Number of protein chains: 4
Amino acid sequence: METLFASGNPKRPRNGKRRICFPLTSRAYYGRSQLLLRKLHDHPNVDLELMLGGAILLDKYSRHIADDIERGGFAISASLFNVIEGGNHVAMAKTACLTALEFTNGFHSIDPDIVVICGDRFEQLAIAMAAAYLNKTIAHIEGGDVTGSIDESVRHAITKLAHIHFVTNDEAQRRVLSMGEDPRYVFNTGSLDVEVAAQVTSVLSNERVNSYGVGHAVDITKPFLMVIQHPVTTEADNRRHIETTMEAVCALGMPTIWFWPNSDAGTGEMAESLRHFREHHDSSTERIRFITNVPMDEFIALLKATSCLVGNSSAGIKEGSYLGTPVVNVGARQQGRLNDEHVTHTGHDAEAIACAVRAQLQHGRYPSSRLYHKPDTSQTMVDLLAGLELYTQKSFFDPAPAGTRTS
Amino acid sequence: METLFASGNPKRPRNGKRRICFPLTSRAYYGRSQLLLRKLHDHPNVDLELMLGGAILLDKYSRHIADDIERGGFAISASLFNVIEGGNHVAMAKTACLTALEFTNGFHSIDPDIVVICGDRFEQLAIAMAAAYLNKTIAHIEGGDVTGSIDESVRHAITKLAHIHFVTNDEAQRRVLSMGEDPRYVFNTGSLDVEVAAQVTSVLSNERVNSYGVGHAVDITKPFLMVIQHPVTTEADNRRHIETTMEAVCALGMPTIWFWPNSDAGTGEMAESLRHFREHHDSSTERIRFITNVPMDEFIALLKATSCLVGNSSAGIKEGSYLGTPVVNVGARQQGRLNDEHVTHTGHDAEAIACAVRAQLQHGRYPSSRLYHKPDTSQTMVDLLAGLELYTQKSFFDPAPAGTRTS
Amino acid sequence: METLFASGNPKRPRNGKRRICFPLTSRAYYGRSQLLLRKLHDHPNVDLELMLGGAILLDKYSRHIADDIERGGFAISASLFNVIEGGNHVAMAKTACLTALEFTNGFHSIDPDIVVICGDRFEQLAIAMAAAYLNKTIAHIEGGDVTGSIDESVRHAITKLAHIHFVTNDEAQRRVLSMGEDPRYVFNTGSLDVEVAAQVTSVLSNERVNSYGVGHAVDITKPFLMVIQHPVTTEADNRRHIETTMEAVCALGMPTIWFWPNSDAGTGEMAESLRHFREHHDSSTERIRFITNVPMDEFIALLKATSCLVGNSSAGIKEGSYLGTPVVNVGARQQGRLNDEHVTHTGHDAEAIACAVRAQLQHGRYPSSRLYHKPDTSQTMVDLLAGLELYTQKSFFDPAPAGTRTS
Amino acid sequence: METLFASGNPKRPRNGKRRICFPLTSRAYYGRSQLLLRKLHDHPNVDLELMLGGAILLDKYSRHIADDIERGGFAISASLFNVIEGGNHVAMAKTACLTALEFTNGFHSIDPDIVVICGDRFEQLAIAMAAAYLNKTIAHIEGGDVTGSIDESVRHAITKLAHIHFVTNDEAQRRVLSMGEDPRYVFNTGSLDVEVAAQVTSVLSNERVNSYGVGHAVDITKPFLMVIQHPVTTEADNRRHIETTMEAVCALGMPTIWFWPNSDAGTGEMAESLRHFREHHDSSTERIRFITNVPMDEFIALLKATSCLVGNSSAGIKEGSYLGTPVVNVGARQQGRLNDEHVTHTGHDAEAIACAVRAQLQHGRYPSSRLYHKPDTSQTMVDLLAGLELYTQKSFFDPAPAGTRTS
């Protein structure tokens, strides 16, 4: 085998720098990783290679983000179309497999020292698996959290394939250690998203906001709601759930910026439901603007300005904690995720949602929390990625037995 | 989406029985699972569906096993050629992805209640991932063990995707719980392999043994060695390692039955090395018979008869413990796996291996150990698979804090 | 190999009937093949197996058609999601490959005597290739025509893989023979589409038409235009081309039913262009209704009713010839296709298009042409498919040399 | 779409040279193309990119060839493991699909002006399809020939996807034109294989020959036979066919160099048959040496030296015609291929084969034929590839009607 690789080998020759491969598969990962990416790109001993695949390349979700990336001067090693249409579980599973199959070729030719895996999206587990089978050292960002949805399984399975762990809070650190990871390679660096959120100072104009999406103009200088409700891939009721939220929002009668659901399994019926609502209940939606996405800094500016965020986005719990945004978290997607007092949880019940929003409106903004925040998150990561001694053979690290802890 | 599935839907209609899907990808999994498969097949409330893929379908490894399966009267739902040639890491990663992509179609059309994942082979993680993304309940056999090789990562990652855990020993159970699995779904049932080994009573004839493979005849009524040394996919030295073992075995000068390495990454160079040895050092190998594989019961009969098993097979540690077979375990593949006193560990050093074998020959067979053995392993599993309440949404189960355990 | 297949073999046992596998990958193929499918399904010596894949399964294009198929009582052997998102050439090529890879498994397990390949869509060539490699006899419908686009290459390449040829006109027959096909297996049966069109008698209500799609109501009892303009995958100017047609149609100021472009490469920019037009030029589009698709019989009813069909659909040239519909064919997609006098060809020039439409409006409907029509098209095909002696090894049939023809 | 490509675009920037992409998937294609590859590589206005995939990368067939390629200083853009194990039709079809899927990514990022497709191997059709869907100009080498096997279909289907045709003889040229290709782009350049054969002057030593393969030494200074019998993928009797040839060769009792069959579907049973023969009929095979392959120049030297070539290799018919080698062609694989008087055809009948060989031995070598030979084959191709005006939209070129030819 080695002889074969030595001969037909298209591997990139090494130049003494640590080569770090960063697969980007969604707009969100690019947004929250931008400080880290910039610092890795600028590090004298690091060669950073971006690999694009999955939803980030698809026109309807991410055209402008791809422009951003290129303008950023980043090296893009691969750009692979591998999302299988359908918006259902079959398409999701096959997309993950095809993505990993194609990234394997990239990992082999780029031959990175480290592959960085972000978060808990379904295709990231497949990519981590491929990287592990190629004997690459894997660094995982945001392990150890607890949530609902398939993300819960994906996140912890990635942890068990990864060698370096960047967690965002103390509880996550405790769980990653409990799962048998080596304490010398588990780091609570705080959240990259929150670090980005803490640095955004821009203010958003009405004109800018209303240049995005379709629907009615929203005046963000006055109280307004934000809604972000993504599909929960382990549930069959995504259509009913989004209709419930829609019902609550219509009942509240406030100007609302509604973000389109992401492309996970279940998205088709949610999107159809929203489209149907928009076409057929024009009066009910006359205060709503539907937006697919906005740049990260403008998103943060909206989070700072909104009276209440409704839905099931992690941004409410994480960025929201630092920004003090009132949040009504609906349903099981974030179930179990560590949150501060700014979050109220409700089930899929229109009245309960409306009631919780009214209570949050009455309360107003919260003081900034440090639950997910540490200073210098991205710099800490870069220093570790560039300097840590690397290993590939994992071994379950048995935590000290309970009895010895008290000694 | 639901509407779409309802219409273009090729799903099997349900018949009130619990439908259990059992992907078989290697001869070893079939061998060790045969008691379980038989009992599931015979259970009145279970529909068992075998899905074949990966190495088990390949001529050179498993022709007779496929015949066996068919003769067993089992329903084979899919039979998918998806092994990518190369015997290297790229082929391994891509094989895993392609296998999972194709099994996805099968899982969707069979629509099982439970998917049973065995062990820690690389393609089984990919299959588990696909099953998880289709919202299937996953039962995992043999989680929680610690070993070397990529198997170590694969096994624990599967645990974090699985819902029902059948572990083979107390330490494994402790680890699976520490990883956050729900104690109500973690069962120490003992090892299926050992249950099979405990039931084999057949004795093997010289004629039968020497009808397999190539090389010189071995008289198994007199002392003989067995060698099983598989590639370690996380290592680059597989060729040197097998040469070292060959050197030790030649130095010992005993009749030897040498099992061909399995098809994992690294197998190409190991096979070439063995072939080269056989062609060019005829005098050194004149006591060696090379065999690709034998039926499970004959394999157990050999384990009972051999003076010492050399190499890195888990059979030495698990079945060997019950049978009392002296074992010299070489290298990192089984590193950390719980073993009884019948195992001596050595590194890849010809003299050390030969020395350890001589000591084992002097010691002779060991008393039977119960480390991996429980009565009724397969029956316990069947009862649980047929009767347990199933769930799909996982949630990290935080073990009770250390302080409360002693109360 | 044979032994292996005999053992691990999931092939369907044979029942003495001729087994015919019919891959359906687009709504259009189902629509035009429905008489053939019904007759094959009802034939006492034929087992018909539909295999669904590609665009036909995707929610946004074909939900109701999948319902139709199921209600028709057809056996659906496979239902495979394999369309890769992107709407560009990379996605198109990879979709073809993935579709064929998955259909291979189906062909192997269904083990058909004949695989029927329709038309000239890109994934059909890949499917034909897979069927050929499995040694299946391939019947091809609609070979020998000349058009523009990649379809031109796809169609003739399928001819060279196929064993039985059903062509729709004399010129096509001459070309298929010139390409070296065996004259005993080349049949001019007329066009299935035209046979369907000839049988439709239903009349369409305004209410029904305006229940589809979005935009403004169109009164089809008064003069109206139809527009169908699909992407041309070999061209880079699809956006400009559709804008040109839009400009022409707006200038004409007539009520218009505009069919959404199909999902071929280039569709993204065309759809975006249409959406942009609709959102931003509301006054210009106030007479236009946008429709994704309608059932075949209603489509024919519209073709009968419209004053002029504009665009690049083959329906204008084929069904239109029989129905006498005035057609303005725009651009290269149908370039070279045999047409009757009811078609006027123009380039992508707004003024030329508008001018040609005005001339057609003035001319009015044409007498029915028999260019693509023969009686009993589908029955002829069924008789041949059920009764022909089959072969698999092809051999270039050298046409008689020119000199001997006159003898 | 264009915007998307412009942004997420990993395409290689253009440098004014014509970029030519040459997929190599088998040792044979490299061997016969080496003069062409060298001249393309050295051409000042050409960037040559080799892409390796398929069997050429697999250890057991082609290790040394990959070394050769690298030593040749060629740029290898991709090296993709995509052969699916099994040696049967399912594996063959899926290998073709996976190869094309992966080459699509390469074609997109390399963005060649021309893709060169060689011959008629199954994966080359899939690669040609992918290239066509990406709107690349395709040059095809060796179209228009007639043979047996699936190659016959593959070759002509490639012709219908290709834009530039390099054929090797007048009859092939006539057929390619008859299939509707543009006469301005169909060139009879003679055969690359024969050009290579004509240039080889090296003489082979006994020592060298007997350093390859296994079995008994052959003295090539005395009369000896060569056997090359590949699987015929459209036949089910490959095992019996090779046994028949073996029987004939054993009966002849001459020293024989037997080349191992290639990896096409059916190879498994042929290889098993040969192995079985070798292990169990040692006396019958005591004059036979089994060789997997040798470098091109040594192969030609053997063809010059052998008393008779037996089997179904095209080398017998093509290179053999120029070298005057007596050939006994067995079975249907080369059926219909244009050949000169040095070839005797027989069926799969041991006595007939032995009888034909004896007749050829009596006849001795033939005078050199010019059937497949033209001077400067590779230089002519290079000039055309570098200088021809390129096009992508194909259009069936209707040959002049028969009646006008005589005018």
# chains A, B, ... in the order shown; residues from 1 in each chain; ligands from 1
>>> interface_residues(of="chain A", to="chain B", cutoff="6 Å", atoms="only C-alpha atoms", output="number ranges by chain")
A: 1, 89, 93-94, 97, 101, 130, 133-134, 153, 156-157, 160-161, 178-179, 269, 402
>>> residues_around(residues="Gly16 in chain C", least_positions_apart="6", cutoff="10 Å", atoms="only C-alpha atoms", output="list in words")
Asn45, Val46 and Asp47 of chain C
>>> residues_around(residues="Tyr185 in chain B", least_positions_apart="3", cutoff="7 Å", atoms="only C-alpha atoms", output="list in words")
His163, Ile164, His165 and Asp182 of chain B
>>> write_last_selection(atoms="N, CA, C and O atoms", output="PDB file, in the first residue's frame")
ATOM      1  N   HIS B 163     -29.082   3.156  20.712  1.00  0.00           N
ATOM      2  CA  HIS B 163     -30.107   3.332  21.746  1.00  0.00           C
ATOM      3  C   HIS B 163     -30.157   2.166  22.721  1.00  0.00           C
ATOM      4  O   HIS B 163     -30.613   2.319  23.846  1.00  0.00           O
ATOM      5  N   ILE B 164     -29.741   1.007  22.263  1.00  0.00           N
ATOM      6  CA  ILE B 164     -29.755  -0.200  23.100  1.00  0.00           C
ATOM      7  C   ILE B 164     -28.351  -0.780  23.041  1.00  0.00           C
ATOM      8  O   ILE B 164     -27.783  -0.907  21.948  1.00  0.00           O
ATOM      9  N   HIS B 165     -27.810  -1.108  24.215  1.00  0.00           N
ATOM     10  CA  HIS B 165     -26.411  -1.534  24.265  1.00  0.00           C
ATOM     11  C   HIS B 165     -26.292  -2.914  24.872  1.00  0.00           C
ATOM     12  O   HIS B 165     -26.719  -3.118  26.012  1.00  0.00           O
ATOM     13  N   ASP B 182     -28.290   5.763  28.684  1.00  0.00           N
ATOM     14  CA  ASP B 182     -29.365   5.548  29.645  1.00  0.00           C
ATOM     15  C   ASP B 182     -29.238   4.153  30.280  1.00  0.00           C
ATOM     16  O   ASP B 182     -29.300   3.145  29.578  1.00  0.00           O
TER      17      ASP B 182
END
>>> select_by_dssp(residues="range 293-365 of chain C", states="alpha helix (DSSP H)", output="JSON, numbers by chain")
{"C": [296, 297, 298, 299, 300, 301, 302, 303, 304, 305, 314, 315, 316, 317, 319, 320, 321, 322, 323, 350, 351, 352, 353, 354, 355, 356, 357, 358, 359, 360, 361, 362, 363]}
>>> write_last_selection(atoms="N, CA and C atoms", output="mmCIF file, in the first residue's frame")
data_model
loop_
_atom_site.group_PDB
_atom_site.id
_atom_site.type_symbol
_atom_site.label_atom_id
_atom_site.label_comp_id
_atom_site.auth_asym_id
_atom_site.auth_seq_id
_atom_site.Cartn_x
_atom_site.Cartn_y
_atom_site.Cartn_z
ATOM 1 N N MET C 296 -51.196 15.519 -17.734
ATOM 2 C CA MET C 296 -51.020 15.412 -19.179
ATOM 3 C C MET C 296 -52.271 15.822 -19.949
ATOM 4 N N ASP C 297 -53.446 15.344 -19.538
ATOM 5 C CA ASP C 297 -54.646 15.632 -20.332
ATOM 6 C C ASP C 297 -54.991 17.115 -20.295
ATOM 7 N N GLU C 298 -54.717 17.744 -19.174
ATOM 8 C CA GLU C 298 -55.007 19.174 -19.098
ATOM 9 C C GLU C 298 -53.988 19.974 -19.900
ATOM 10 N N PHE C 299 -52.778 19.442 -19.939
ATOM 11 C CA PHE C 299 -51.767 20.095 -20.753
ATOM 12 C C PHE C 299 -52.168 20.073 -22.229
ATOM 13 N N ILE C 300 -52.660 18.921 -22.681
ATOM 14 C CA ILE C 300 -53.097 18.801 -24.078
ATOM 15 C C ILE C 300 -54.283 19.752 -24.339
ATOM 16 N N ALA C 301 -55.194 19.803 -23.386
ATOM 17 C CA ALA C 301 -56.328 20.705 -23.543
ATOM 18 C C ALA C 301 -55.864 22.155 -23.705
ATOM 19 N N LEU C 302 -54.827 22.519 -22.953
ATOM 20 C CA LEU C 302 -54.282 23.870 -23.087
ATOM 21 C C LEU C 302 -53.644 24.070 -24.467
ATOM 22 N N LEU C 303 -52.911 23.058 -24.912
ATOM 23 C CA LEU C 303 -52.282 23.148 -26.240
ATOM 24 C C LEU C 303 -53.326 23.338 -27.337
ATOM 25 N N LYS C 304 -54.478 22.688 -27.138
ATOM 26 C CA LYS C 304 -55.563 22.852 -28.114
ATOM 27 C C LYS C 304 -56.159 24.243 -28.073
ATOM 28 N N ALA C 305 -56.130 24.841 -26.899
ATOM 29 C CA ALA C 305 -56.823 26.108 -26.710
ATOM 30 C C ALA C 305 -55.969 27.336 -26.971
ATOM 31 N N SER C 314 -40.424 20.385 -26.921
ATOM 32 C CA SER C 314 -40.699 19.463 -28.031
ATOM 33 C C SER C 314 -42.199 19.282 -28.218
ATOM 34 N N ALA C 315 -42.977 19.566 -27.183
ATOM 35 C CA ALA C 315 -44.433 19.412 -27.299
ATOM 36 C C ALA C 315 -44.987 20.298 -28.406
ATOM 37 N N GLY C 316 -44.386 21.452 -28.572
ATOM 38 C CA GLY C 316 -44.843 22.332 -29.643
ATOM 39 C C GLY C 316 -44.678 21.665 -30.993
ATOM 40 N N ILE C 317 -43.542 21.034 -31.184
ATOM 41 C CA ILE C 317 -43.231 20.461 -32.497
ATOM 42 C C ILE C 317 -43.974 19.158 -32.720
ATOM 43 N N GLU C 319 -46.611 17.190 -30.385
ATOM 44 C CA GLU C 319 -48.043 17.236 -30.133
ATOM 45 C C GLU C 319 -48.669 18.370 -30.942
ATOM 46 N N GLY C 320 -47.937 19.508 -30.991
ATOM 47 C CA GLY C 320 -48.449 20.660 -31.725
ATOM 48 C C GLY C 320 -48.754 20.342 -33.180
ATOM 49 N N SER C 321 -47.951 19.462 -33.796
ATOM 50 C CA SER C 321 -48.158 19.157 -35.218
ATOM 51 C C SER C 321 -49.511 18.476 -35.408
ATOM 52 N N TYR C 322 -49.842 17.570 -34.513
ATOM 53 C CA TYR C 322 -51.104 16.855 -34.635
ATOM 54 C C TYR C 322 -52.280 17.767 -34.296
ATOM 55 N N LEU C 323 -52.068 18.592 -33.272
ATOM 56 C CA LEU C 323 -53.157 19.451 -32.791
ATOM 57 C C LEU C 323 -53.315 20.713 -33.630
ATOM 58 N N ALA C 350 -35.980 39.649 -28.840
ATOM 59 C CA ALA C 350 -37.332 39.938 -28.349
ATOM 60 C C ALA C 350 -38.237 40.399 -29.485
ATOM 61 N N GLU C 351 -37.713 41.250 -30.345
ATOM 62 C CA GLU C 351 -38.541 41.772 -31.416
ATOM 63 C C GLU C 351 -38.913 40.673 -32.399
ATOM 64 N N ALA C 352 -37.939 39.827 -32.735
ATOM 65 C CA ALA C 352 -38.202 38.729 -33.666
ATOM 66 C C ALA C 352 -39.239 37.774 -33.083
ATOM 67 N N ILE C 353 -39.141 37.507 -31.788
ATOM 68 C CA ILE C 353 -40.106 36.602 -31.158
ATOM 69 C C ILE C 353 -41.509 37.208 -31.223
ATOM 70 N N ALA C 354 -41.609 38.462 -30.800
ATOM 71 C CA ALA C 354 -42.920 39.122 -30.788
ATOM 72 C C ALA C 354 -43.510 39.153 -32.202
ATOM 73 N N CYS C 355 -42.670 39.429 -33.163
ATOM 74 C CA CYS C 355 -43.098 39.502 -34.553
ATOM 75 C C CYS C 355 -43.614 38.153 -35.034
ATOM 76 N N ALA C 356 -42.872 37.085 -34.691
ATOM 77 C CA ALA C 356 -43.282 35.739 -35.097
ATOM 78 C C ALA C 356 -44.597 35.348 -34.437
ATOM 79 N N VAL C 357 -44.766 35.722 -33.180
ATOM 80 C CA VAL C 357 -46.025 35.392 -32.492
ATOM 81 C C VAL C 357 -47.186 36.116 -33.178
ATOM 82 N N ARG C 358 -46.962 37.380 -33.484
ATOM 83 C CA ARG C 358 -48.051 38.139 -34.135
ATOM 84 C C ARG C 358 -48.459 37.481 -35.448
ATOM 85 N N ALA C 359 -47.470 37.017 -36.201
ATOM 86 C CA ALA C 359 -47.777 36.340 -37.471
ATOM 87 C C ALA C 359 -48.568 35.064 -37.229
ATOM 88 N N GLN C 360 -48.190 34.309 -36.199
ATOM 89 C CA GLN C 360 -48.921 33.078 -35.890
ATOM 90 C C GLN C 360 -50.349 33.407 -35.437
ATOM 91 N N LEU C 361 -50.523 34.466 -34.653
ATOM 92 C CA LEU C 361 -51.863 34.845 -34.197
ATOM 93 C C LEU C 361 -52.740 35.167 -35.406
ATOM 94 N N GLN C 362 -52.127 35.833 -36.335
ATOM 95 C CA GLN C 362 -52.868 36.194 -37.534
ATOM 96 C C GLN C 362 -53.254 34.952 -38.343
ATOM 97 N N HIS C 363 -52.325 34.004 -38.403
ATOM 98 C CA HIS C 363 -52.587 32.779 -39.177
ATOM 99 C C HIS C 363 -53.641 31.904 -38.520
#
>>> residues_around(residues="Pro23 in chain D", least_positions_apart="3", cutoff="8 Å", atoms="only C-alpha atoms", output="PyMOL selection string")
chain D and resi 50-53+115-117
>>> write_last_selection(atoms="C-alpha atoms", output="tab-separated table (two decimals), in the first residue's frame")
chain	number	residue	atom	x	y	z
D	50	LEU	CA	-3.26	12.94	-16.46
D	51	MET	CA	-6.08	11.66	-14.30
D	52	LEU	CA	-5.67	8.18	-12.88
D	53	GLY	CA	-8.55	6.02	-11.76
D	115	VAL	CA	-10.82	15.36	-22.72
D	116	VAL	CA	-9.18	12.43	-24.50
D	117	ILE	CA	-11.04	9.14	-24.26
>>> residues_around(residues="range 364-376 of chain B", least_positions_apart="4", cutoff="8 Å", atoms="only C-alpha atoms", output="count of residues only")
20
>>> select_by_dssp(residues="range 79-319 of chain C", states="strand (DSSP E)", output="PyMOL selection string")
chain C and resi 79-80+114-118+137-141+164-167+186-188+214-215+225-228+256-259+288-291+308-311
>>> write_last_selection(atoms="C-alpha atoms", output="PDB file, in the first residue's frame")
ATOM      1  CA  SER C  79     -37.891   4.854  -5.407  1.00  0.00           C
ATOM      2  CA  LEU C  80     -34.511   6.469  -5.212  1.00  0.00           C
ATOM      3  CA  ILE C 114     -35.930  -5.759 -21.011  1.00  0.00           C
ATOM      4  CA  VAL C 115     -35.148  -2.283 -19.745  1.00  0.00           C
ATOM      5  CA  VAL C 116     -37.091   0.477 -21.490  1.00  0.00           C
ATOM      6  CA  ILE C 117     -35.249   3.759 -21.907  1.00  0.00           C
ATOM      7  CA  CYS C 118     -37.252   6.832 -22.874  1.00  0.00           C
ATOM      8  CA  THR C 137     -31.757  -6.051 -23.514  1.00  0.00           C
ATOM      9  CA  ILE C 138     -32.522  -2.342 -23.886  1.00  0.00           C
ATOM     10  CA  ALA C 139     -35.489  -0.905 -25.748  1.00  0.00           C
ATOM     11  CA  HIS C 140     -35.207   2.768 -26.652  1.00  0.00           C
ATOM     12  CA  ILE C 141     -38.106   5.057 -27.404  1.00  0.00           C
ATOM     13  CA  ILE C 164     -34.751  -2.461 -29.852  1.00  0.00           C
ATOM     14  CA  HIS C 165     -35.591   0.921 -31.332  1.00  0.00           C
ATOM     15  CA  PHE C 166     -38.987   2.603 -31.422  1.00  0.00           C
ATOM     16  CA  VAL C 167     -38.638   5.713 -33.550  1.00  0.00           C
ATOM     17  CA  VAL C 186     -35.839  -0.720 -35.726  1.00  0.00           C
ATOM     18  CA  PHE C 187     -39.538   0.204 -35.754  1.00  0.00           C
ATOM     19  CA  ASN C 188     -41.246   3.423 -36.746  1.00  0.00           C
ATOM     20  CA  VAL C 214     -49.219  31.705  -8.830  1.00  0.00           C
ATOM     21  CA  GLY C 215     -49.803  35.046 -10.486  1.00  0.00           C
ATOM     22  CA  LEU C 225     -50.306  32.517 -25.063  1.00  0.00           C
ATOM     23  CA  MET C 226     -48.452  29.582 -23.568  1.00  0.00           C
ATOM     24  CA  VAL C 227     -44.733  29.787 -22.808  1.00  0.00           C
ATOM     25  CA  ILE C 228     -42.477  26.829 -22.101  1.00  0.00           C
ATOM     26  CA  THR C 256     -50.183  34.161 -20.807  1.00  0.00           C
ATOM     27  CA  ILE C 257     -49.697  30.841 -19.065  1.00  0.00           C
ATOM     28  CA  TRP C 258     -46.010  30.454 -18.391  1.00  0.00           C
ATOM     29  CA  PHE C 259     -44.694  27.020 -17.447  1.00  0.00           C
ATOM     30  CA  ILE C 288     -49.141  36.171 -16.662  1.00  0.00           C
ATOM     31  CA  ARG C 289     -49.872  33.084 -14.608  1.00  0.00           C
ATOM     32  CA  PHE C 290     -46.870  30.926 -13.618  1.00  0.00           C
ATOM     33  CA  ILE C 291     -47.534  27.213 -13.413  1.00  0.00           C
ATOM     34  CA  CYS C 308     -49.709  30.270 -29.803  1.00  0.00           C
ATOM     35  CA  LEU C 309     -47.079  28.302 -27.926  1.00  0.00           C
ATOM     36  CA  VAL C 310     -43.779  30.123 -27.426  1.00  0.00           C
ATOM     37  CA  GLY C 311     -40.490  28.622 -26.242  1.00  0.00           C
TER      38      GLY C 311
END
>>> residues_around(residues="Thr221 in chain D", least_positions_apart="4", cutoff="10 Å", atoms="only C-alpha atoms", output="PyMOL selection string")
chain D and resi 204-206+305-306
>>> residues_around(residues="Ala75 in chain D", least_positions_apart="2", cutoff="8 Å", atoms="only C-alpha atoms", output="VMD selection string")
chain D and resid 48 to 50 70 73 77
>>> decode(residues="range 25-34 of chain A", atoms="N, CA, C and O atoms", output="compact mmCIF listing (two decimals), in the first residue's frame")
# COMPACT_ATOMS: atom_id res chain seq x y z
N THR A 25 -19.54 23.53 5.61
CA THR A 25 -20.71 22.98 4.93
C THR A 25 -21.97 23.80 5.14
O THR A 25 -23.01 23.46 4.61
N SER A 26 -21.86 24.87 5.93
CA SER A 26 -23.05 25.70 6.09
C SER A 26 -22.63 27.13 6.35
O SER A 26 -21.55 27.41 6.88
N ARG A 27 -23.49 28.01 5.96
CA ARG A 27 -23.30 29.44 6.17
C ARG A 27 -23.05 29.75 7.64
O ARG A 27 -22.20 30.56 7.99
N ALA A 28 -23.78 29.05 8.52
CA ALA A 28 -23.64 29.35 9.94
C ALA A 28 -22.22 29.07 10.42
O ALA A 28 -21.64 29.83 11.19
N TYR A 29 -21.64 27.96 9.93
CA TYR A 29 -20.28 27.63 10.38
C TYR A 29 -19.28 28.68 9.92
O TYR A 29 -18.33 28.99 10.62
N TYR A 30 -19.48 29.19 8.72
CA TYR A 30 -18.57 30.23 8.27
C TYR A 30 -18.74 31.48 9.12
O TYR A 30 -17.77 32.09 9.56
N GLY A 31 -19.98 31.84 9.38
CA GLY A 31 -20.23 33.05 10.15
C GLY A 31 -19.59 32.99 11.53
O GLY A 31 -18.84 33.90 11.93
N ARG A 32 -19.80 31.91 12.22
CA ARG A 32 -19.31 31.85 13.60
C ARG A 32 -17.81 31.56 13.67
O ARG A 32 -17.19 31.75 14.70
N SER A 33 -17.22 31.07 12.57
CA SER A 33 -15.80 30.73 12.61
C SER A 33 -14.92 31.81 12.02
O SER A 33 -13.71 31.62 11.90
N GLN A 34 -15.48 32.96 11.67
CA GLN A 34 -14.67 33.87 10.87
C GLN A 34 -13.46 34.45 11.59
O GLN A 34 -12.40 34.64 10.99
